[in-house]
>>> print(open('run30.cif').read())   # mmCIF, C-alpha atoms (C1' of nucleotides)
data_structure
loop_
_atom_site.label_atom_id
_atom_site.label_comp_id
_atom_site.auth_asym_id
_atom_site.auth_seq_id
_atom_site.Cartn_x
_atom_site.Cartn_y
_atom_site.Cartn_z
CA MET A 14 78.74 -29.68 -138.08
CA LEU A 15 82.17 -29.67 -136.54
CA ASN A 16 85.16 -27.43 -136.86
CA ASP A 17 88.33 -28.72 -138.42
CA ASN A 18 90.09 -29.31 -135.17
CA SER A 19 87.53 -31.77 -133.88
CA SER A 20 88.89 -35.09 -132.76
CA ASP A 21 85.64 -36.34 -131.37
CA PHE A 22 85.75 -39.74 -133.05
CA GLY A 23 89.07 -40.51 -131.48
CA ILE A 24 90.81 -39.39 -134.63
CA ASN A 25 91.51 -36.02 -136.19
CA TRP A 26 88.81 -35.27 -138.73
CA GLY A 27 90.93 -32.76 -140.54
CA GLN A 28 89.19 -31.60 -143.66
CA TYR A 29 86.32 -34.08 -143.11
CA GLY A 30 84.73 -32.43 -140.12
CA HIS A 31 81.99 -30.94 -142.27
CA LEU A 32 80.77 -34.44 -143.17
CA VAL A 33 79.76 -35.14 -139.59
CA GLU A 34 76.46 -33.88 -138.13
CA GLU A 35 75.64 -33.35 -134.49
CA LEU A 36 72.29 -34.67 -133.29
CA THR A 37 70.49 -34.25 -129.98
CA ILE A 38 67.71 -36.69 -129.11
CA PRO A 39 65.46 -37.40 -126.09
CA ALA A 40 65.38 -40.73 -124.27
CA LYS A 41 63.75 -43.75 -125.95
CA THR A 42 64.44 -42.50 -129.43
CA THR A 43 65.04 -45.22 -131.99
CA LEU A 44 67.97 -44.49 -134.27
CA LEU A 45 67.70 -47.72 -136.25
CA HIS A 46 64.75 -50.10 -136.44
CA GLU A 47 65.40 -53.85 -136.55
CA GLY A 48 64.85 -54.94 -140.15
CA ASP A 49 65.79 -51.58 -141.67
CA VAL A 50 69.05 -51.00 -143.48
CA SER A 51 71.50 -48.96 -141.44
CA LYS A 52 72.25 -45.64 -143.16
CA ASN A 53 74.23 -43.95 -140.40
CA ALA A 54 76.92 -44.63 -137.89
CA TYR A 55 76.90 -42.82 -134.55
CA PHE A 56 79.32 -41.63 -131.97
CA ILE A 57 78.16 -40.77 -128.46
CA LYS A 58 79.23 -37.36 -127.18
CA LYS A 59 76.83 -37.48 -124.24
CA GLY A 60 74.27 -40.03 -123.16
CA CYS A 61 73.69 -43.72 -123.53
CA LEU A 62 72.36 -46.17 -126.14
CA ARG A 63 71.37 -49.81 -126.19
CA LEU A 64 71.21 -52.55 -128.82
CA TRP A 65 68.22 -54.86 -128.68
CA PHE A 66 66.17 -57.25 -130.76
CA ASN A 67 62.62 -58.49 -130.63
CA ASN A 68 62.40 -62.13 -129.62
CA ASN A 69 58.81 -63.34 -129.95
CA GLY A 70 57.50 -60.07 -128.60
CA LYS A 71 60.10 -59.87 -125.88
CA ASP A 72 62.62 -57.09 -125.74
CA VAL A 73 66.14 -58.54 -125.48
CA THR A 74 68.88 -56.00 -124.76
CA PHE A 75 72.37 -57.28 -125.44
CA GLN A 76 74.71 -54.31 -125.34
CA PHE A 77 75.01 -50.83 -123.80
CA PHE A 78 77.10 -47.91 -125.02
CA PHE A 79 78.13 -44.71 -123.26
CA GLU A 80 80.19 -41.59 -123.95
CA ASN A 81 83.03 -41.75 -126.46
CA TYR A 82 81.89 -44.96 -128.12
CA GLY A 83 81.08 -45.53 -131.76
CA VAL A 84 77.83 -47.38 -132.34
CA SER A 85 76.43 -48.95 -135.49
CA SER A 86 74.85 -52.03 -136.94
CA ILE A 87 78.14 -52.58 -138.65
CA GLU A 88 76.98 -55.63 -140.62
CA SER A 89 73.98 -53.76 -142.02
CA PHE A 90 75.90 -50.52 -142.48
CA GLN A 91 78.58 -52.18 -144.56
CA SER A 92 76.57 -54.82 -146.42
CA GLY A 93 73.24 -53.08 -146.99
CA GLN A 94 71.44 -56.04 -145.37
CA PRO A 95 68.57 -55.42 -142.92
CA SER A 96 69.80 -54.92 -139.38
CA LEU A 97 69.20 -57.77 -136.96
CA PHE A 98 68.68 -55.36 -134.07
CA SER A 99 67.49 -51.88 -133.11
CA ILE A 100 69.51 -48.99 -131.72
CA GLU A 101 67.73 -46.86 -129.14
CA SER A 102 68.63 -44.10 -126.70
CA ILE A 103 68.22 -44.75 -122.99
CA GLU A 104 69.01 -41.22 -121.83
CA PRO A 105 68.67 -37.92 -123.68
CA SER A 106 71.80 -37.99 -125.83
CA THR A 107 74.03 -35.92 -128.04
CA LEU A 108 75.47 -37.84 -130.98
CA LEU A 109 77.67 -37.40 -133.98
CA VAL A 110 76.16 -38.86 -137.14
CA ILE A 111 77.94 -40.00 -140.28
CA SER A 112 76.08 -41.17 -143.36
CA LYS A 113 77.26 -44.19 -145.31
CA ALA A 114 78.21 -41.99 -148.27
CA ASN A 115 80.28 -39.63 -146.16
CA MET A 116 81.81 -42.54 -144.32
CA ASP A 117 83.00 -43.93 -147.63
CA LEU A 118 84.55 -40.58 -148.46
CA ILE A 119 86.34 -40.56 -145.16
CA ILE A 120 87.56 -44.13 -145.46
CA ALA A 121 88.99 -43.33 -148.88
CA GLY A 122 90.88 -40.30 -147.64
CA LEU A 123 91.69 -40.70 -144.00
CA PRO A 124 94.63 -42.94 -143.14
CA GLY A 125 94.03 -45.28 -140.24
CA TYR A 126 90.29 -45.38 -140.60
CA GLN A 127 90.14 -48.90 -141.93
CA GLU A 128 91.97 -50.10 -138.84
CA LEU A 129 89.50 -48.26 -136.62
CA MET A 130 86.64 -50.15 -138.28
CA GLN A 131 88.47 -53.45 -137.88
CA ALA A 132 88.92 -52.78 -134.20
CA HIS A 133 85.25 -51.88 -133.95
CA ILE A 134 84.26 -55.26 -135.42
CA LEU A 135 86.67 -57.24 -133.28
CA GLN A 136 85.35 -55.46 -130.20
CA ARG A 137 81.82 -56.57 -131.07
CA MET A 138 82.96 -60.18 -131.56
CA HIS A 139 84.78 -60.19 -128.27
CA HIS A 140 81.64 -58.92 -126.58
CA TYR A 141 79.61 -61.82 -128.06
CA ALA A 142 82.13 -64.39 -126.86
CA LYS A 143 82.07 -62.94 -123.34
CA LEU A 144 78.28 -62.93 -123.24
CA PHE A 145 78.14 -66.56 -124.32
CA LEU A 146 80.68 -67.77 -121.77
CA SER A 147 78.96 -65.79 -119.05
CA ARG A 148 75.67 -67.54 -119.81
CA ILE A 149 77.31 -70.94 -119.73
CA LYS A 150 79.43 -70.53 -116.65
CA ASN A 151 77.31 -68.40 -114.35
CA ASN A 152 73.79 -68.39 -113.00
CA PRO A 153 71.78 -65.15 -113.02
CA GLN A 154 72.98 -64.02 -109.59
CA GLU A 155 76.60 -64.61 -110.55
CA ARG A 156 76.07 -62.75 -113.82
CA TYR A 157 74.65 -59.81 -111.90
CA LEU A 158 77.54 -59.71 -109.47
CA GLU A 159 79.98 -59.97 -112.36
CA LEU A 160 78.31 -57.05 -114.10
CA LEU A 161 78.39 -55.08 -110.88
CA ALA A 162 82.10 -55.77 -110.50
CA ASP A 163 83.11 -55.28 -114.15
CA SER A 164 80.74 -52.51 -115.20
CA PRO A 165 79.31 -50.70 -112.19
CA HIS A 166 78.52 -47.69 -114.39
CA ILE A 167 76.00 -49.80 -116.31
CA VAL A 168 74.16 -50.84 -113.16
CA GLN A 169 74.13 -47.24 -111.95
CA ARG A 170 72.95 -45.53 -115.11
CA VAL A 171 70.70 -48.04 -116.85
CA PRO A 172 67.10 -48.78 -115.78
CA GLN A 173 66.83 -52.11 -114.07
CA HIS A 174 64.53 -53.83 -116.54
CA TYR A 175 67.08 -53.34 -119.31
CA ILE A 176 69.71 -54.89 -117.07
CA ALA A 177 67.40 -57.80 -116.35
CA SER A 178 66.90 -58.35 -120.07
CA TYR A 179 70.67 -58.17 -120.57
CA LEU A 180 71.20 -60.79 -117.87
CA GLY A 181 68.54 -63.03 -119.39
CA ILE A 182 66.06 -62.82 -116.53
CA THR A 183 62.85 -60.94 -115.68
CA PRO A 184 62.85 -57.62 -113.83
CA VAL A 185 61.08 -59.35 -110.96
CA SER A 186 63.82 -61.94 -110.68
CA LEU A 187 66.53 -59.27 -110.77
CA SER A 188 64.80 -57.38 -108.00
CA ARG A 189 64.74 -60.55 -105.90
CA ILE A 190 68.43 -61.18 -106.58
CA ARG A 191 69.35 -57.62 -105.59
CA ASN A 192 67.41 -58.01 -102.36
CA LYS A 193 69.07 -61.36 -101.66
CA VAL A 194 72.54 -59.95 -102.27
CA LEU A 195 71.79 -57.08 -99.89
CA VAL A 196 70.59 -59.43 -97.14
CA ASP A 197 73.55 -61.79 -97.61
CA LYS A 198 75.94 -58.87 -97.15
CA LYS A 199 74.53 -57.94 -93.75
CA MET B 24 102.13 -91.22 -143.14
CA LEU B 25 100.29 -90.53 -146.33
CA ASN B 26 101.09 -91.03 -149.95
CA ASP B 27 101.58 -88.01 -152.16
CA ASN B 28 98.16 -88.18 -153.72
CA SER B 29 96.32 -87.76 -150.44
CA SER B 30 93.79 -84.97 -150.31
CA ASP B 31 92.45 -85.87 -146.90
CA PHE B 32 92.61 -82.37 -145.45
CA GLY B 33 90.44 -81.00 -148.20
CA ILE B 34 93.50 -79.91 -150.10
CA ASN B 35 96.15 -81.70 -152.11
CA TRP B 36 99.11 -82.36 -149.87
CA GLY B 37 101.47 -82.79 -152.75
CA GLN B 38 104.98 -83.11 -151.46
CA TYR B 39 103.90 -82.53 -147.86
CA GLY B 40 102.03 -85.77 -147.30
CA HIS B 41 104.96 -87.20 -145.35
CA LEU B 42 104.55 -84.50 -142.69
CA VAL B 43 101.19 -85.87 -141.66
CA GLU B 44 100.84 -88.84 -139.30
CA GLU B 45 97.88 -91.13 -138.96
CA LEU B 46 96.70 -91.93 -135.44
CA THR B 47 94.12 -94.40 -134.15
CA ILE B 48 92.71 -93.94 -130.65
CA PRO B 49 90.01 -95.55 -128.50
CA ALA B 50 87.02 -93.64 -127.10
CA LYS B 51 87.55 -91.14 -124.26
CA THR B 52 91.10 -90.40 -125.22
CA THR B 53 92.26 -86.88 -124.48
CA LEU B 54 94.22 -85.31 -127.32
CA LEU B 55 94.75 -81.98 -125.60
CA HIS B 56 94.38 -81.17 -121.91
CA GLU B 57 92.87 -77.83 -120.90
CA GLY B 58 95.77 -75.65 -119.73
CA ASP B 59 98.35 -77.34 -121.94
CA VAL B 60 99.79 -75.72 -125.04
CA SER B 61 98.45 -77.24 -128.22
CA LYS B 62 101.20 -78.89 -130.24
CA ASN B 63 99.12 -80.63 -132.87
CA ALA B 64 96.21 -80.03 -135.17
CA TYR B 65 93.92 -82.92 -136.07
CA PHE B 66 91.73 -84.00 -138.94
CA ILE B 67 89.06 -86.64 -138.41
CA LYS B 68 89.14 -89.50 -140.90
CA LYS B 69 86.77 -91.62 -138.84
CA GLY B 70 85.11 -91.05 -135.49
CA CYS B 71 84.02 -88.15 -133.38
CA LEU B 72 85.58 -85.61 -131.00
CA ARG B 73 84.30 -83.03 -128.57
CA LEU B 74 85.60 -79.77 -127.12
CA TRP B 75 84.93 -79.17 -123.44
CA PHE B 76 86.14 -77.19 -120.48
CA ASN B 77 86.02 -77.67 -116.75
CA ASN B 78 83.68 -75.21 -115.07
CA ASN B 79 84.01 -75.52 -111.29
CA GLY B 80 84.27 -79.27 -111.58
CA LYS B 81 81.52 -79.54 -114.14
CA ASP B 82 82.16 -80.86 -117.61
CA VAL B 83 80.86 -78.36 -120.18
CA THR B 84 80.85 -79.62 -123.76
CA PHE B 85 80.48 -76.89 -126.35
CA GLN B 86 81.26 -78.39 -129.73
CA PHE B 87 81.23 -81.73 -131.55
CA PHE B 88 83.23 -82.75 -134.60
CA PHE B 89 82.79 -85.66 -136.99
CA GLU B 90 84.40 -87.06 -140.14
CA ASN B 91 86.20 -84.71 -142.50
CA TYR B 92 86.55 -81.88 -140.03
CA GLY B 93 89.72 -80.20 -138.86
CA VAL B 94 89.95 -79.77 -135.10
CA SER B 95 92.36 -77.75 -133.02
CA SER B 96 92.66 -75.30 -130.20
CA ILE B 97 93.55 -72.80 -132.84
CA GLU B 98 94.28 -69.97 -130.41
CA SER B 99 96.69 -72.10 -128.41
CA PHE B 100 98.15 -73.75 -131.49
CA GLN B 101 99.01 -70.44 -133.09
CA SER B 102 99.86 -68.33 -130.06
CA GLY B 103 101.53 -70.85 -127.75
CA GLN B 104 99.14 -69.86 -124.95
CA PRO B 105 97.56 -72.57 -122.75
CA SER B 106 94.40 -73.97 -124.26
CA LEU B 107 91.13 -72.94 -122.65
CA PHE B 108 89.55 -76.32 -123.37
CA SER B 109 90.26 -80.02 -123.81
CA ILE B 110 89.89 -82.13 -126.93
CA GLU B 111 88.65 -85.67 -126.37
CA SER B 112 87.42 -88.57 -128.47
CA ILE B 113 83.86 -89.78 -128.02
CA GLU B 114 84.13 -92.82 -130.30
CA PRO B 115 87.20 -94.84 -131.29
CA SER B 116 88.67 -92.59 -133.97
CA THR B 117 91.21 -92.41 -136.75
CA LEU B 118 92.89 -89.05 -137.09
CA LEU B 119 95.49 -87.24 -139.11
CA VAL B 120 97.95 -85.34 -136.97
CA ILE B 121 100.10 -82.37 -137.91
CA SER B 122 102.65 -80.87 -135.57
CA LYS B 123 103.04 -77.12 -135.25
CA ALA B 124 106.48 -77.25 -136.86
CA ASN B 125 105.25 -79.22 -139.85
CA MET B 126 102.20 -77.02 -140.10
CA ASP B 127 104.47 -74.00 -140.37
CA LEU B 128 106.39 -75.74 -143.16
CA ILE B 129 103.17 -76.42 -144.99
CA ILE B 130 101.85 -72.90 -144.53
CA ALA B 131 105.08 -71.52 -145.92
CA GLY B 132 104.96 -73.68 -149.01
CA LEU B 133 101.40 -74.57 -149.81
CA PRO B 134 99.33 -71.91 -151.56
CA GLY B 135 95.84 -71.46 -150.20
CA TYR B 136 96.65 -72.80 -146.78
CA GLN B 137 96.48 -69.43 -145.07
CA GLU B 138 92.94 -69.00 -146.38
CA LEU B 139 91.99 -72.43 -145.05
CA MET B 140 93.12 -71.39 -141.59
CA GLN B 141 91.20 -68.12 -141.84
CA ALA B 142 88.06 -70.04 -142.75
CA HIS B 143 88.68 -72.37 -139.82
CA ILE B 144 88.78 -69.42 -137.43
CA LEU B 145 85.70 -67.74 -138.91
CA GLN B 146 83.82 -71.03 -138.63
CA ARG B 147 84.64 -71.19 -134.93
CA MET B 148 83.47 -67.61 -134.39
CA HIS B 149 80.22 -68.23 -136.23
CA HIS B 150 79.63 -71.24 -134.02
CA TYR B 151 80.08 -69.11 -130.88
CA ALA B 152 77.61 -66.50 -132.14
CA LYS B 153 75.01 -69.19 -132.88
CA LEU B 154 75.44 -70.77 -129.47
CA PHE B 155 74.98 -67.43 -127.76
CA LEU B 156 71.83 -66.52 -129.66
CA SER B 157 70.39 -69.98 -129.07
CA ARG B 158 70.85 -69.57 -125.31
CA ILE B 159 69.17 -66.17 -125.36
CA LYS B 160 66.26 -66.95 -127.61
CA ASN B 161 65.34 -70.52 -126.69
CA ASN B 162 64.59 -72.51 -123.56
CA PRO B 163 66.16 -75.95 -123.10
CA GLN B 164 63.36 -77.83 -124.86
CA GLU B 165 63.50 -75.48 -127.84
CA ARG B 166 67.27 -75.83 -127.96
CA TYR B 167 66.93 -79.61 -128.01
CA LEU B 168 64.35 -79.52 -130.81
CA GLU B 169 66.54 -77.11 -132.76
CA LEU B 170 69.52 -79.42 -132.39
CA LEU B 171 67.37 -82.36 -133.48
CA ALA B 172 66.25 -80.43 -136.57
CA ASP B 173 69.61 -78.89 -137.49
CA SER B 174 71.99 -81.66 -136.49
CA PRO B 175 70.18 -85.00 -136.10
CA HIS B 176 73.50 -86.82 -136.54
CA ILE B 177 74.74 -85.32 -133.28
CA VAL B 178 71.72 -86.54 -131.34
CA GLN B 179 72.07 -89.98 -132.89
CA ARG B 180 75.78 -90.52 -132.39
CA VAL B 181 76.64 -88.68 -129.20
CA PRO B 182 75.85 -90.00 -125.69
CA GLN B 183 73.02 -88.12 -124.10
CA HIS B 184 74.86 -86.62 -121.18
CA TYR B 185 77.23 -84.81 -123.54
CA ILE B 186 74.22 -83.42 -125.39
CA ALA B 187 72.72 -82.29 -122.09
CA SER B 188 75.95 -80.50 -121.23
CA TYR B 189 75.96 -78.92 -124.68
CA LEU B 190 72.39 -77.70 -124.20
CA GLY B 191 73.24 -76.31 -120.77
CA ILE B 192 71.07 -78.69 -118.75
CA THR B 193 71.51 -81.85 -116.68
CA PRO B 194 71.15 -85.34 -118.17
CA VAL B 195 68.09 -85.85 -115.99
CA SER B 196 66.42 -82.77 -117.38
CA LEU B 197 67.20 -83.79 -120.95
CA SER B 198 65.70 -87.19 -120.32
CA ARG B 199 62.53 -85.53 -119.06
CA ILE B 200 62.38 -83.24 -122.09
CA ARG B 201 62.80 -86.17 -124.47
CA ASN B 202 59.98 -87.99 -122.75
CA LYS B 203 57.75 -84.91 -122.86
CA VAL B 204 58.42 -84.39 -126.56
CA LEU B 205 57.50 -88.02 -127.22
CA VAL B 206 54.25 -87.73 -125.28
CA ASP B 207 53.32 -84.42 -126.93
CA LYS B 208 53.76 -86.01 -130.36
CA LYS B 209 51.22 -88.73 -129.67
"C1'" DG C 5 81.11 -115.18 -121.02
"C1'" DC C 6 81.35 -112.27 -117.23
"C1'" DG C 7 82.26 -108.52 -114.33
"C1'" DA C 8 82.81 -103.68 -114.30
"C1'" DC C 9 81.34 -99.69 -115.95
"C1'" DA C 10 78.65 -96.42 -118.70
"C1'" DC C 11 74.26 -94.91 -119.98
"C1'" DG C 12 69.50 -93.64 -119.64
"C1'" DA C 13 64.80 -93.48 -117.31
"C1'" DT C 14 62.29 -92.32 -113.45
"C1'" DA C 15 60.86 -90.67 -108.84
"C1'" DA C 16 60.79 -87.51 -104.91
"C1'" DC C 17 62.02 -83.40 -103.23
"C1'" DA C 18 64.43 -78.76 -103.22
"C1'" DA C 19 65.64 -74.56 -105.37
"C1'" DT C 20 65.23 -71.29 -108.85
"C1'" DT C 21 62.82 -68.59 -112.00
"C1'" DG C 22 58.62 -67.07 -114.43
"C1'" DT C 23 53.85 -65.02 -114.22
"C1'" DT C 24 50.53 -62.00 -112.68
"C1'" DA C 25 49.03 -58.44 -109.97
"C1'" DA C 26 49.11 -54.62 -106.85
"C1'" DG C 27 51.08 -50.78 -104.87
"C1'" DA C 28 55.00 -47.64 -103.55
"C1'" DA C 29 58.59 -44.63 -105.14
"C1'" DA C 30 60.88 -41.98 -108.45
"C1'" DT C 31 61.00 -39.36 -112.61
"C1'" DT C 32 59.29 -36.59 -116.33
"C1'" DC C 33 56.38 -33.31 -118.44
"C1'" DT C 34 53.57 -29.49 -118.66
"C1'" DA D 6 53.20 -28.17 -108.04
"C1'" DG D 7 50.51 -31.80 -109.81
"C1'" DA D 8 49.40 -35.37 -113.15
"C1'" DA D 9 51.04 -38.97 -115.87
"C1'" DT D 10 54.32 -42.22 -116.66
"C1'" DT D 11 57.99 -45.13 -115.61
"C1'" DT D 12 60.47 -47.83 -112.50
"C1'" DC D 13 61.02 -50.85 -108.71
"C1'" DT D 14 59.52 -53.93 -105.02
"C1'" DT D 15 56.88 -57.43 -103.06
"C1'" DA D 16 53.67 -61.32 -102.74
"C1'" DA D 17 51.37 -65.59 -104.17
"C1'" DC D 18 51.32 -69.15 -107.11
"C1'" DA D 19 52.85 -71.99 -111.24
"C1'" DA D 20 56.31 -74.04 -114.00
"C1'" DT D 21 60.82 -75.38 -114.84
"C1'" DT D 22 65.05 -77.19 -113.67
"C1'" DG D 23 68.45 -79.10 -110.41
"C1'" DT D 24 69.77 -82.71 -106.94
"C1'" DT D 25 70.05 -87.15 -105.27
"C1'" DA D 26 69.19 -91.73 -105.53
"C1'" DT D 27 67.65 -96.11 -107.48
"C1'" DC D 28 66.98 -99.37 -111.04
"C1'" DG D 29 67.38 -101.61 -115.46
"C1'" DT D 30 69.83 -102.07 -119.68
"C1'" DG D 31 73.56 -102.29 -122.45
"C1'" DT D 32 78.37 -102.27 -123.73
"C1'" DC D 33 83.29 -102.83 -123.34
"C1'" DG D 34 87.44 -105.03 -122.07
"C1'" DC D 35 89.60 -109.00 -120.43
#
>>> encode(input="run30.cif", output="structure tokens")
Amino acid sequence: MLNDNSSDFGINWGQYGHLVEELTIPAKTTLLHEGDVSKNAYFIKKGCLRLWFNNNGKDVTFQFFFENYGVSSIESFQSGQPSLFSIESIEPSTLLVISKANMDLIIAGLPGYQELMQAHILQRMHHYAKLFLSRIKNNPQERYLELLADSPHIVQRVPQHYIASYLGITPVSLSRIRNKVLVDKK
Amino acid sequence: MLNDNSSDFGINWGQYGHLVEELTIPAKTTLLHEGDVSKNAYFIKKGCLRLWFNNNGKDVTFQFFFENYGVSSIESFQSGQPSLFSIESIEPSTLLVISKANMDLIIAGLPGYQELMQAHILQRMHHYAKLFLSRIKNNPQERYLELLADSPHIVQRVPQHYIASYLGITPVSLSRIRNKVLVDKK
DNA sequence: GCGACACGATAACAATTGTTAAGAAATTCT
DNA sequence: AGAATTTCTTAACAATTGTTATCGTGTCGC
């Protein structure tokens, strides 16, 4: 639970702080299983999460989230449909949790919340578009270098096999690319 | 120019029919050059168009349009920013053309037009999401078979090298895949 | 009809990436 | 600290895809 002055979600919770729970989890904890209906939205105080889906037995990671980001299967959360992906912690993490019911209360009473959700959705769409263009325009090595340039924190904090999955290649191939990039630099 | 009873854009033009021009073009005609600002929106009465962009000298086709579809670089058309892609005819085509100025007139006066534009944008976004997931989940052969199953008309009407570009492979590779699929069937 | 051009198949070779396996290095847990 | 687990690298080989080039067919415009 949070005190009334909390502004941890990027907004002032005011009288709604008591509707938000704090949750601490170890690494590799699944917050939402693919196929289940999302009942909570999360905000990362400390740690790191990933979104992934099962593709014929293969783990495909397609987005990472770090501190001060809101994370949810927004489509499932809002529509009650089964989620198309899982949400899992990469590091031990401290999260804020809001249930659907409490979220509805907040949306009804807190000005500016609707806009925050809109922005959240647009952000997700923009991410999809970028991923698609990156796959079309760049080969795996170029995608890796782009990630390194645009999001060095991801490469530093996230285990390599998740990165490989994100880039659409195997961990072995990523290791080779990293080695090649190193050699080329010398 | 159209008579007042035209409903060629999926709506009744009513008094606005005179704002729409008809245009007939041969194959391989560029309607909008990548980098230019889009001044017109098009509707296909007969024929077939493609959207493509230049990626380091390579022609990347990412969407096809046929009869009864509206086509535009909607972002450029609405914002006045340079278009990120070109629009080009594949077959000789007959189009309806609306200028930005006339479009604004229509939007101001015709109820339901705003919604039509919204739907147009959502359609484009949905297409992007599908393309991205297809690249992640399927290899080139699977993507080809999926296209064959979902959109056989595209495979039938569009020259193979555009399809190859759309699938993210070379024409040579597509030819091999087609041959392999044929052999496997026997 | 004829020449120019576009289109598609195929071959040979190169380059990239996947697969499998083994072992080293780092991290986590007790 | 020591064991167990995870993570990363490397190697050898297979499979896929790209590159380049050639050839045959068809189609379009004049």
>>> residues_around(input="run30.cif", residues="Ala152 in chain B", least_positions_apart="6", cutoff="8 Å", atoms="all atoms listed in the file", output="list of chain:residue names")
A:Tyr141, A:Ala142, A:Phe145
>>> resolve_selection(input="run30.cif", expression="the PyMOL selection byres ((chain B) within 8 of (chain C))", output="list of chain:residue names")
B:Pro182, B:Gln183, B:Ser198
>>> residues_around(input="run30.cif", residues="Gln164 in chain B", least_positions_apart="2", cutoff="10 Å", atoms="only C-alpha atoms (C1' of nucleotides)", output="MDAnalysis selection string")
chainID B and resid 161:162 166:170 190 192 196:197 199:201 203:204
>>> closest_residue(input="run30.cif", among="A:Val73, A:Leu62, A:Ile87, A:Ala177", to="Lys160 in chain B", atoms="all atoms listed in the file")
A:Val73
>>> closest_residue(input="run30.cif", among="D:DA19, D:DC33, D:DC13, D:DC28", to="chain B", atoms="all atoms listed in the file")
D:DC33
>>> resolve_selection(input="run30.cif", expression="the PyMOL selection byres ((chain A) within 12 of (chain B))", output="PyMOL selection string")
chain A and resi 65-75+97+135+137-152+178-182
>>> residues_near_point(input="run30.cif", point="(61.6, -54.2, -133.2)", cutoff="8 Å", atoms="all atoms listed in the file", output="PyMOL selection string")
chain A and resi 46-48+66-67+98-99
